[in-house]
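Quick notes on the structure that follows.
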Protein chains: 2
Amino acid sequence: MIAPPYLDQVTFDANGLVPAIAQDDKTARILMVAWMNRDALVETVQSGRAVYYSRSRQTLWRKGEESGHFQTVSEVRLDCDGDVVLLMVNQHADIACHTGRNSCFFRVLSHGEWQTVDPVIRDPQEIYGHE
Amino acid sequence: MIAPPYLDQVTFDANGLVPAIAQDDKTARILMVAWMNRDALVETVQSGRAVYYSRSRQTLWRKGEESGHFQTVSEVRLDCDGDVVLLMVNQHADIACHTGRNSCFFRVLSHGEWQTVDPVIRDPQEIYGHE
């Protein structure tokens, strides 16, 4: 298969990865940041659903494959250096974080401490069937 | 000097860095992604202005020191893994990108090509006095 030409302008790092930000296309909230390799980006573009690369499992991670909380991609952007991808997404169930929260960025620095300010929407044990 | 305790929950990579996203606190637009080391994060928190770490220059990069386009930080967030920082910022002159655009994410994937969709607000030659 011929690699799509748009890949040429993406600067993958020494491990063949770029960070990808998922931003909610309705609320504009930043939901999460994960990594993509070439295959993950191509499958994301082709399928219209966010696919990342799991560094711990060293395999493609089709977001939602376990949780059901998939992301439908409405727009893909690239930054000026070509080394960060931005996905505008519709987040299924409004839960992007494995903690059961809307966003992974649920801690705010306040008086020198990280304070959790966002609620758990659904118990992770319910989502994943285990801790 | 004793390191602030909030640093303990930030997972810096093997190079001592974390990616930091700057998001406009009025428009919610993602303006840029850069890197921070411990000193950059501490100075950002203490000064209330975004300070990054320049990997190319290997030194602290006080955003706006050359362009005048500094960022006033209204909120600092951390993600669930502790390995990405999110800054909510007020972007001076509404120009975050070195190309003179509002955001570094000015290219959208459309029909298999990256299309530049955002205007240059100010010519980089005017901003930096050179290309």
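Following the order of the structure tokens, chains are lettered A, B, ..., residues in each are numbered from 1, and ligands are numbered from 1.
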Got a sec to align chain A on chain B by every in-order Cα pair and hand back the fitted coordinates as a compact mmCIF listing (two decimals) with C-alpha atoms, in the first residue's frame?
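Produced file superposed08.txt, reproduced below:
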# COMPACT_ATOMS: atom_id res chain seq x y z
CA MET A 1 15.77 26.12 47.18
CA ILE A 2 13.23 23.42 48.02
CA ALA A 3 11.34 22.15 45.00
CA PRO A 4 7.59 22.82 45.25
CA PRO A 5 5.71 19.63 46.22
CA TYR A 6 3.40 19.84 43.18
CA LEU A 7 6.38 18.87 41.01
CA ASP A 8 6.32 15.38 42.54
CA GLN A 9 3.10 14.56 40.70
CA VAL A 10 4.40 15.66 37.32
CA THR A 11 5.94 12.83 35.31
CA PHE A 12 8.87 14.34 33.45
CA ASP A 13 10.30 12.15 30.67
CA ALA A 14 13.84 10.79 30.40
CA ASN A 15 14.98 14.23 29.22
CA GLY A 16 13.31 15.93 32.17
CA LEU A 17 10.53 17.38 30.02
CA VAL A 18 6.74 17.36 29.74
CA PRO A 19 4.65 18.67 26.86
CA ALA A 20 2.60 21.75 27.71
CA ILE A 21 -0.48 22.81 25.80
CA ALA A 22 -1.47 26.47 25.74
CA GLN A 23 -5.21 27.00 25.33
CA ASP A 24 -6.78 30.43 24.91
CA ASP A 25 -8.87 31.13 28.00
CA LYS A 26 -11.36 33.23 26.03
CA THR A 27 -11.78 31.35 22.74
CA ALA A 28 -10.76 27.88 24.03
CA ARG A 29 -8.63 27.50 20.94
CA ILE A 30 -5.46 25.44 21.27
CA LEU A 31 -2.70 27.89 20.53
CA MET A 32 0.48 25.85 20.70
CA VAL A 33 2.29 22.93 22.26
CA ALA A 34 5.78 23.28 23.69
CA TRP A 35 7.94 21.62 26.32
CA MET A 36 8.64 22.40 29.95
CA ASN A 37 11.34 21.26 32.33
CA ARG A 38 11.01 21.64 36.10
CA ASP A 39 12.40 25.17 36.11
CA ALA A 40 10.05 26.26 33.33
CA LEU A 41 7.00 24.99 35.20
CA VAL A 42 8.07 26.54 38.50
CA GLU A 43 8.79 29.90 36.88
CA THR A 44 5.47 29.76 35.02
CA VAL A 45 3.60 29.19 38.28
CA GLN A 46 5.55 31.83 40.19
CA SER A 47 5.51 34.53 37.52
CA GLY A 48 2.06 33.91 36.02
CA ARG A 49 3.57 34.02 32.55
CA ALA A 50 4.18 31.00 30.32
CA VAL A 51 7.79 29.84 30.34
CA TYR A 52 8.81 26.86 28.22
CA TYR A 53 12.03 24.97 27.58
CA SER A 54 13.55 25.34 24.15
CA ARG A 55 14.95 21.99 23.09
CA SER A 56 16.86 23.55 20.19
CA ARG A 57 18.45 26.29 22.30
CA GLN A 58 18.55 24.13 25.45
CA THR A 59 17.47 26.99 27.64
CA LEU A 60 14.36 28.48 29.23
CA TRP A 61 12.14 30.18 26.72
CA ARG A 62 10.13 32.98 28.22
CA LYS A 63 7.34 33.10 25.66
CA GLY A 64 7.20 36.60 24.21
CA GLU A 65 10.74 37.58 25.17
CA GLU A 66 11.54 38.15 21.50
CA SER A 67 8.15 38.62 19.89
CA GLY A 68 6.42 40.50 22.69
CA HIS A 69 3.62 37.96 22.41
CA PHE A 70 3.68 36.75 25.99
CA GLN A 71 1.03 34.60 27.62
CA THR A 72 -0.58 35.39 30.96
CA VAL A 73 -1.52 32.15 32.68
CA SER A 74 -4.93 31.94 34.35
CA GLU A 75 -4.96 28.22 35.15
CA VAL A 76 -2.58 25.25 35.17
CA ARG A 77 -3.95 21.74 34.78
CA LEU A 78 -2.36 18.28 34.82
CA ASP A 79 -3.66 15.14 33.14
CA CYS A 80 -4.43 11.81 34.77
CA ASP A 81 -1.00 10.33 34.04
CA GLY A 82 0.73 13.51 35.15
CA ASP A 83 2.66 13.68 31.92
CA VAL A 84 0.96 16.56 30.12
CA VAL A 85 0.45 20.11 31.41
CA LEU A 86 -2.36 22.35 30.20
CA LEU A 87 -2.10 26.12 30.51
CA MET A 88 -5.13 28.36 30.12
CA VAL A 89 -3.66 31.61 28.85
CA ASN A 90 -4.43 35.11 27.76
CA GLN A 91 -2.45 35.45 24.54
CA HIS A 92 -0.97 38.88 24.01
CA ALA A 93 -1.80 40.28 20.53
CA ASP A 94 -3.70 37.03 19.86
CA ILE A 95 -0.60 35.69 18.12
CA ALA A 96 0.94 32.51 19.51
CA CYS A 97 2.59 31.10 16.38
CA HIS A 98 5.96 32.18 15.02
CA THR A 99 4.30 32.38 11.59
CA GLY A 100 2.29 35.36 12.88
CA ARG A 101 -0.92 33.39 13.21
CA ASN A 102 -3.23 33.05 16.20
CA SER A 103 -2.57 29.34 16.60
CA CYS A 104 0.13 26.94 15.47
CA PHE A 105 -2.64 24.56 14.38
CA PHE A 106 -3.48 26.43 11.19
CA ARG A 107 -3.48 23.43 8.84
CA VAL A 108 -6.51 21.17 8.36
CA LEU A 109 -6.48 17.84 6.58
CA SER A 110 -8.85 18.15 3.65
CA HIS A 111 -9.11 15.74 0.71
CA GLY A 112 -5.82 14.16 1.70
CA GLU A 113 -3.85 17.41 1.95
CA TRP A 114 -2.94 19.82 4.72
CA GLN A 115 -4.69 23.08 3.88
CA THR A 116 -3.73 26.33 5.56
CA VAL A 117 -7.00 27.80 6.77
CA ASP A 118 -5.98 30.58 9.17
CA PRO A 119 -4.66 34.00 8.20
CA VAL A 120 -1.35 35.58 9.13
CA ILE A 121 -2.22 38.37 11.55
CA ARG A 122 1.20 39.99 11.49
CA ASP A 123 4.18 39.39 9.21
CA PRO A 124 6.90 37.45 11.05
CA GLN A 125 9.49 39.85 9.59
CA GLU A 126 7.75 42.64 11.46
CA ILE A 127 7.57 40.57 14.63
CA TYR A 128 11.13 39.32 14.70
CA GLY A 129 12.89 41.78 12.42
CA HIS A 130 14.14 38.91 10.28
CA GLU A 131 12.80 35.79 8.55
